[in-house]
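Taking it in order: structure first as structure tokens, then the write-up.
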Amino acid sequence: MKNKSMFWNRFDRAPIVGIIRGVSIETVRRITESYLNAGFYTLEITMNTGGAVEIISALRKEFPELSVGAGTVCNMTDLKKAIDAGSQFIVAPILDEEVVGSCVAQNIPIFPGAYSPTEIYKAWTLGASAVKIFPATQLGTQFIKDILAPLNQIKLLPTGGITISNIKSFFHAGAYGVGMGSSLLDAQLIKEENFYGLKDHFTKIKNEILEFIEI
């Protein structure tokens, strides 16, 4: 985590993890093209998506400029499947010590989920690359500020409830990055197969945080 790998160089250029859940592989391909064209590089496929392993493997082969990871990794069984598929980073909604330890040992970026100050600190001390604050919508930006006052060395990745209208406030509060699902991957645009519109939507979100991005 501390040295700049290709993953972190990409992430720093657009510190948003796009979360895909329950979408077919054909649609994921179209989304990914728009995603990259808008200057985003970090995409998470949740393991409770049908065909998640196949989607991760296909994206790794077809989009080498993309960082592809697995989400909703709650146990070692899912972790093994995710890594075997080629996942370049791992995200979890919970804190599982074995999953975190295995990722750290393999030098795979890991974003475990945590909610309380104790959970957050424990995740970080176990070696989390950043701690996923989930669900962030229940906590808000003041919680991020309050956590970072005494624990300012911890990198926080709030997820859940981040939108185009509040994303900037989370970065102002000190978030290292954010995770975004439905508010980023607009369901209506995808249903209409309006992938040009989706790319414009991605661009508008990225423009909200340009001041926080390392060029």
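Residues are referred to by chain and number: the chain letter is A, B, ... according to the order shown in the structure tokens, the number counts from 1 in that chain, and ligands are numbered separately from 1 in the order shown.
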
Please identify all polymer residues within 8 Å of segment 204-206 of chain A, counting only C-alpha atoms, omitting same-chain residues fewer than 3 positions from it, and present them as an MDAnalysis selection string. chainID A and resid 14 164 184 200:201 209:210

Close residues, Phe195 of chain A itself excluded, 10 Å, only C-alpha atoms, min 4 positions apart in chain, as a ChimeraX atom specification: /A:27,30-35,189-191,199-201

Hey, can you spit out that residue selection with N, CA and C atoms as a PDB file, in the first residue's frame?
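Below is the file out_17.pdb, written as the result:
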ATOM      1  N   THR A  27     -23.626  -6.170 -20.447  1.00  0.00           N
ATOM      2  CA  THR A  27     -23.861  -4.795 -20.009  1.00  0.00           C
ATOM      3  C   THR A  27     -22.648  -4.238 -19.274  1.00  0.00           C
ATOM      4  N   ARG A  30     -20.196  -2.746 -21.657  1.00  0.00           N
ATOM      5  CA  ARG A  30     -20.586  -1.424 -22.157  1.00  0.00           C
ATOM      6  C   ARG A  30     -20.362  -0.356 -21.094  1.00  0.00           C
ATOM      7  N   ILE A  31     -20.707  -0.686 -19.865  1.00  0.00           N
ATOM      8  CA  ILE A  31     -20.481   0.246 -18.761  1.00  0.00           C
ATOM      9  C   ILE A  31     -18.994   0.566 -18.638  1.00  0.00           C
ATOM     10  N   THR A  32     -18.164  -0.460 -18.730  1.00  0.00           N
ATOM     11  CA  THR A  32     -16.723  -0.289 -18.555  1.00  0.00           C
ATOM     12  C   THR A  32     -16.137   0.633 -19.614  1.00  0.00           C
ATOM     13  N   GLU A  33     -16.598   0.520 -20.827  1.00  0.00           N
ATOM     14  CA  GLU A  33     -16.115   1.416 -21.891  1.00  0.00           C
ATOM     15  C   GLU A  33     -16.413   2.876 -21.544  1.00  0.00           C
ATOM     16  N   SER A  34     -17.637   3.145 -21.088  1.00  0.00           N
ATOM     17  CA  SER A  34     -18.000   4.508 -20.691  1.00  0.00           C
ATOM     18  C   SER A  34     -17.202   4.960 -19.475  1.00  0.00           C
ATOM     19  N   TYR A  35     -16.988   4.045 -18.560  1.00  0.00           N
ATOM     20  CA  TYR A  35     -16.265   4.324 -17.321  1.00  0.00           C
ATOM     21  C   TYR A  35     -14.838   4.768 -17.618  1.00  0.00           C
ATOM     22  N   LEU A 189     -30.261   5.127 -17.285  1.00  0.00           N
ATOM     23  CA  LEU A 189     -29.389   5.257 -18.450  1.00  0.00           C
ATOM     24  C   LEU A 189     -28.940   3.888 -18.951  1.00  0.00           C
ATOM     25  N   ILE A 190     -28.633   2.993 -18.006  1.00  0.00           N
ATOM     26  CA  ILE A 190     -28.205   1.645 -18.394  1.00  0.00           C
ATOM     27  C   ILE A 190     -29.358   0.886 -19.031  1.00  0.00           C
ATOM     28  N   LYS A 191     -30.556   1.011 -18.475  1.00  0.00           N
ATOM     29  CA  LYS A 191     -31.736   0.344 -19.034  1.00  0.00           C
ATOM     30  C   LYS A 191     -32.006   0.823 -20.458  1.00  0.00           C
ATOM     31  N   LYS A 199     -21.563   8.032 -19.750  1.00  0.00           N
ATOM     32  CA  LYS A 199     -20.210   8.608 -19.717  1.00  0.00           C
ATOM     33  C   LYS A 199     -20.253  10.073 -19.269  1.00  0.00           C
ATOM     34  N   ASP A 200     -21.237  10.824 -19.756  1.00  0.00           N
ATOM     35  CA  ASP A 200     -21.385  12.214 -19.325  1.00  0.00           C
ATOM     36  C   ASP A 200     -21.704  12.299 -17.837  1.00  0.00           C
ATOM     37  N   HIS A 201     -22.524  11.378 -17.364  1.00  0.00           N
ATOM     38  CA  HIS A 201     -22.863  11.313 -15.934  1.00  0.00           C
ATOM     39  C   HIS A 201     -21.617  11.041 -15.101  1.00  0.00           C
TER      40      HIS A 201
END

Please, which residues in segment 18-58 of chain A fall within 7 Å of segment 83-86 of chain A when counting only C-alpha atoms, and what is the closest atom pair and distance in Å to one decimal for each, ordered by chain then residue number, as CSV?
residue,atom,partner,partner_atom,distance
A:Val53,CA,A:Ala85,CA,5.6
A:Ile56,CA,A:Ala85,CA,6.1
A:Ser57,CA,A:Ala85,CA,5.0

How close does segment 114-180 of chain A get to segment 89-110 of chain A? List, as a Markdown table, each residue of segment 114-180 of chain A within 9 Å, its nearest atom pair and the distance in Å to one decimal, counting only C-alpha atoms.
| residue | atom | partner | partner_atom | distance |
| --- | --- | --- | --- | --- |
| A:Ala114 | CA | A:Ile94 | CA | 6.0 |
| A:Tyr115 | CA | A:Ile94 | CA | 8.8 |
| A:Glu119 | CA | A:Leu95 | CA | 7.6 |
| A:Ile120 | CA | A:Leu95 | CA | 8.9 |
| A:Lys122 | CA | A:Leu95 | CA | 8.8 |
| A:Ala123 | CA | A:Leu95 | CA | 6.7 |
| A:Leu126 | CA | A:Gly101 | CA | 6.9 |
| A:Gly127 | CA | A:Val104 | CA | 6.2 |
| A:Ala128 | CA | A:Ile110 | CA | 5.5 |
| A:Ser129 | CA | A:Ile110 | CA | 5.4 |
| A:Ala130 | CA | A:Ile110 | CA | 7.1 |
| A:Val131 | CA | A:Ile110 | CA | 8.3 |
| A:Lys132 | CA | A:Pro93 | CA | 7.4 |
| A:Ile133 | CA | A:Pro93 | CA | 8.6 |
| A:Phe134 | CA | A:Pro93 | CA | 6.7 |
| A:Pro135 | CA | A:Pro93 | CA | 8.6 |

Expected file: the selected residues, C-alpha atoms, as a PDB file, in the first residue's frame:
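Listed below is the output, out.pdb:
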ATOM      1  CA  ALA A 114     -16.298  -1.044   9.539  1.00  0.00           C
ATOM      2  CA  TYR A 115     -18.725   1.195  11.389  1.00  0.00           C
ATOM      3  CA  GLU A 119     -13.811  -1.556  14.228  1.00  0.00           C
ATOM      4  CA  ILE A 120     -12.182   1.102  12.057  1.00  0.00           C
ATOM      5  CA  LYS A 122      -8.835  -2.627  14.276  1.00  0.00           C
ATOM      6  CA  ALA A 123      -9.218  -2.919  10.490  1.00  0.00           C
ATOM      7  CA  LEU A 126      -4.673  -5.458  10.736  1.00  0.00           C
ATOM      8  CA  GLY A 127      -3.316  -3.927   7.540  1.00  0.00           C
ATOM      9  CA  ALA A 128      -6.322  -2.580   5.664  1.00  0.00           C
ATOM     10  CA  SER A 129      -5.319  -0.443   2.687  1.00  0.00           C
ATOM     11  CA  ALA A 130      -8.238   1.835   3.524  1.00  0.00           C
ATOM     12  CA  VAL A 131     -11.289   1.244   5.689  1.00  0.00           C
ATOM     13  CA  LYS A 132     -14.685   1.146   4.029  1.00  0.00           C
ATOM     14  CA  ILE A 133     -17.092   3.151   6.221  1.00  0.00           C
ATOM     15  CA  PHE A 134     -20.378   1.390   5.620  1.00  0.00           C
ATOM     16  CA  PRO A 135     -23.128   2.400   5.433  1.00  0.00           C
TER      17      PRO A 135
END

Each residue of segment 161-204 of chain A with at least one atom at most 10 Å from segment 141-157 of chain A should appear once, together with its nearest atom pair and the corresponding distance in Å (one decimal); atoms considered: only C-alpha atoms; ordering: chain, then increasing residue number; output as a tab-separated table.
residue	atom	partner	partner_atom	distance
A:Asn166	CA	A:Thr141	CA	9.1
A:Ile167	CA	A:Thr141	CA	9.7
A:Ser169	CA	A:Thr141	CA	6.8
A:Phe170	CA	A:Thr141	CA	5.5
A:Phe171	CA	A:Thr141	CA	8.8
A:His172	CA	A:Thr141	CA	8.6
A:Ala173	CA	A:Lys145	CA	5.4
A:Gly174	CA	A:Lys145	CA	6.6
A:Ala175	CA	A:Leu156	CA	5.3
A:Tyr176	CA	A:Leu156	CA	5.4
A:Gly177	CA	A:Leu157	CA	5.0
A:Val178	CA	A:Leu157	CA	4.8
A:Gly179	CA	A:Leu157	CA	6.6

Can you pull out the residues contacting Gly71 of chain A? Cut-off 10 Å, using only C-alpha atoms, and skip same-chain residues under 4 positions away; I want them as a list in words. Ile19, Ile20, Arg21, Leu43, Glu44, Ile45, Thr46, Met47, Asn48, Thr49, Ala52, Asp78, Leu79, Ala82, Ser87, Phe89, Ile90, Val91, Ala92, Pro93, Ile110, Phe111 and Pro112 of chain A

Written selection (N, CA and C atoms) as an mmCIF file, in the first residue's frame:
data_model
loop_
_atom_site.group_PDB
_atom_site.id
_atom_site.type_symbol
_atom_site.label_atom_id
_atom_site.label_comp_id
_atom_site.auth_asym_id
_atom_site.auth_seq_id
_atom_site.Cartn_x
_atom_site.Cartn_y
_atom_site.Cartn_z
ATOM 1 N N ILE A 19 -19.197 0.404 -8.021
ATOM 2 C CA ILE A 19 -19.671 -0.897 -7.538
ATOM 3 C C ILE A 19 -20.751 -1.430 -8.462
ATOM 4 N N ILE A 20 -20.465 -2.568 -9.091
ATOM 5 C CA ILE A 20 -21.425 -3.206 -9.990
ATOM 6 C C ILE A 20 -22.008 -4.433 -9.309
ATOM 7 N N ARG A 21 -23.340 -4.485 -9.287
ATOM 8 C CA ARG A 21 -24.036 -5.620 -8.665
ATOM 9 C C ARG A 21 -25.231 -6.008 -9.544
ATOM 10 N N LEU A 43 -12.997 -0.540 -10.623
ATOM 11 C CA LEU A 43 -14.341 -1.097 -10.726
ATOM 12 C C LEU A 43 -14.439 -2.372 -9.904
ATOM 13 N N GLU A 44 -15.455 -2.426 -9.065
ATOM 14 C CA GLU A 44 -15.697 -3.571 -8.179
ATOM 15 C C GLU A 44 -16.902 -4.367 -8.670
ATOM 16 N N ILE A 45 -16.724 -5.673 -8.792
ATOM 17 C CA ILE A 45 -17.824 -6.577 -9.101
ATOM 18 C C ILE A 45 -18.157 -7.345 -7.820
ATOM 19 N N THR A 46 -19.378 -7.218 -7.335
ATOM 20 C CA THR A 46 -19.716 -7.895 -6.091
ATOM 21 C C THR A 46 -19.844 -9.399 -6.324
ATOM 22 N N MET A 47 -19.403 -10.161 -5.347
ATOM 23 C CA MET A 47 -19.407 -11.614 -5.483
ATOM 24 C C MET A 47 -20.807 -12.208 -5.437
ATOM 25 N N ASN A 48 -21.819 -11.422 -5.045
ATOM 26 C CA ASN A 48 -23.183 -11.922 -5.101
ATOM 27 C C ASN A 48 -23.884 -11.547 -6.407
ATOM 28 N N THR A 49 -23.090 -11.139 -7.389
ATOM 29 C CA THR A 49 -23.584 -10.949 -8.757
ATOM 30 C C THR A 49 -23.484 -12.273 -9.488
ATOM 31 N N ALA A 52 -20.119 -13.575 -11.269
ATOM 32 C CA ALA A 52 -19.105 -12.597 -10.851
ATOM 33 C C ALA A 52 -17.700 -13.017 -11.241
ATOM 34 N N ASP A 78 -14.997 -17.032 -0.676
ATOM 35 C CA ASP A 78 -15.177 -15.982 -1.683
ATOM 36 C C ASP A 78 -13.850 -15.352 -2.070
ATOM 37 N N LEU A 79 -12.959 -15.187 -1.093
ATOM 38 C CA LEU A 79 -11.661 -14.583 -1.385
ATOM 39 C C LEU A 79 -10.871 -15.423 -2.377
ATOM 40 N N ALA A 82 -12.314 -15.038 -5.798
ATOM 41 C CA ALA A 82 -12.029 -13.703 -6.329
ATOM 42 C C ALA A 82 -10.590 -13.596 -6.825
ATOM 43 N N SER A 87 -8.816 -10.904 -9.407
ATOM 44 C CA SER A 87 -9.135 -9.646 -8.712
ATOM 45 C C SER A 87 -7.872 -8.927 -8.259
ATOM 46 N N PHE A 89 -8.037 -6.103 -6.303
ATOM 47 C CA PHE A 89 -8.287 -5.573 -4.968
ATOM 48 C C PHE A 89 -9.547 -6.240 -4.433
ATOM 49 N N ILE A 90 -9.730 -6.155 -3.124
ATOM 50 C CA ILE A 90 -10.827 -6.827 -2.451
ATOM 51 C C ILE A 90 -11.572 -5.819 -1.569
ATOM 52 N N VAL A 91 -12.905 -5.897 -1.604
ATOM 53 C CA VAL A 91 -13.750 -5.039 -0.772
ATOM 54 C C VAL A 91 -14.725 -5.922 0.004
ATOM 55 N N ALA A 92 -14.972 -5.567 1.265
ATOM 56 C CA ALA A 92 -15.910 -6.326 2.084
ATOM 57 C C ALA A 92 -16.817 -5.367 2.850
ATOM 58 N N PRO A 93 -18.061 -5.765 3.105
ATOM 59 C CA PRO A 93 -18.943 -4.926 3.917
ATOM 60 C C PRO A 93 -18.700 -5.100 5.408
ATOM 61 N N ILE A 110 -6.875 -4.232 0.218
ATOM 62 C CA ILE A 110 -8.074 -4.732 0.874
ATOM 63 C C ILE A 110 -8.791 -3.584 1.574
ATOM 64 N N PHE A 111 -10.090 -3.458 1.316
ATOM 65 C CA PHE A 111 -10.924 -2.423 1.919
ATOM 66 C C PHE A 111 -12.037 -3.099 2.729
ATOM 67 N N PRO A 112 -11.775 -3.454 3.974
ATOM 68 C CA PRO A 112 -12.810 -4.082 4.794
ATOM 69 C C PRO A 112 -13.792 -3.044 5.324
#

Residues of segment 3-192 of chain A classed as strand (DSSP E or B) by DSSP on the backbone are to be reported as a compact mmCIF listing (two decimals) with C-alpha atoms, in the first residue's frame.
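Saved as selection_22.txt:
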# COMPACT_ATOMS: atom_id res chain seq x y z
CA ILE A 16 -13.88 6.38 -6.69
CA VAL A 17 -14.65 2.66 -6.54
CA GLY A 18 -17.55 1.96 -8.89
CA ILE A 19 -19.67 -0.90 -7.54
CA ILE A 20 -21.42 -3.21 -9.99
CA THR A 42 -11.36 1.23 -10.38
CA LEU A 43 -14.34 -1.10 -10.73
CA GLU A 44 -15.70 -3.57 -8.18
CA ILE A 45 -17.82 -6.58 -9.10
CA THR A 46 -19.72 -7.89 -6.09
CA SER A 67 -8.29 -2.10 -12.00
CA VAL A 68 -10.85 -4.86 -11.41
CA GLY A 69 -11.75 -6.00 -7.91
CA ALA A 70 -14.23 -8.16 -6.05
CA GLY A 71 -16.74 -6.86 -3.54
CA ILE A 90 -10.83 -6.83 -2.45
CA VAL A 91 -13.75 -5.04 -0.77
CA ILE A 110 -8.07 -4.73 0.87
CA PHE A 111 -10.92 -2.42 1.92
CA GLY A 113 -16.04 -2.61 6.09
CA ALA A 114 -16.30 -1.04 9.54
CA VAL A 131 -11.29 1.24 5.69
CA LYS A 132 -14.69 1.15 4.03
CA ILE A 133 -17.09 3.15 6.22
CA LEU A 156 -11.35 6.16 5.03
CA LEU A 157 -13.50 5.07 2.10
CA PRO A 158 -17.13 5.96 2.86
CA THR A 159 -19.60 3.88 0.87
CA VAL A 178 -15.47 6.80 -1.90
CA GLY A 179 -17.41 3.79 -3.07
CA MET A 180 -20.45 4.43 -5.29

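Note that the spacing between atom CA of Ser24 of chain A and atom CA of Gly39 of chain A amounts to 22.4 Å.
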
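Distance-wise, atom CA of Val73 of chain A and atom CA of Lys61 of chain A end up 21.5 Å apart.
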
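The space separating atom CA of Ile213 of chain A from atom CA of Phe63 of chain A comes to 22.5 Å.
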
Members of segment 17-187 of chain A assigned helix (DSSP H, G or I) by DSSP, as a ChimeraX atom specification: /A:25-37,52-62,76-84,97-105,117-125,136-138,140-148,167-172,187
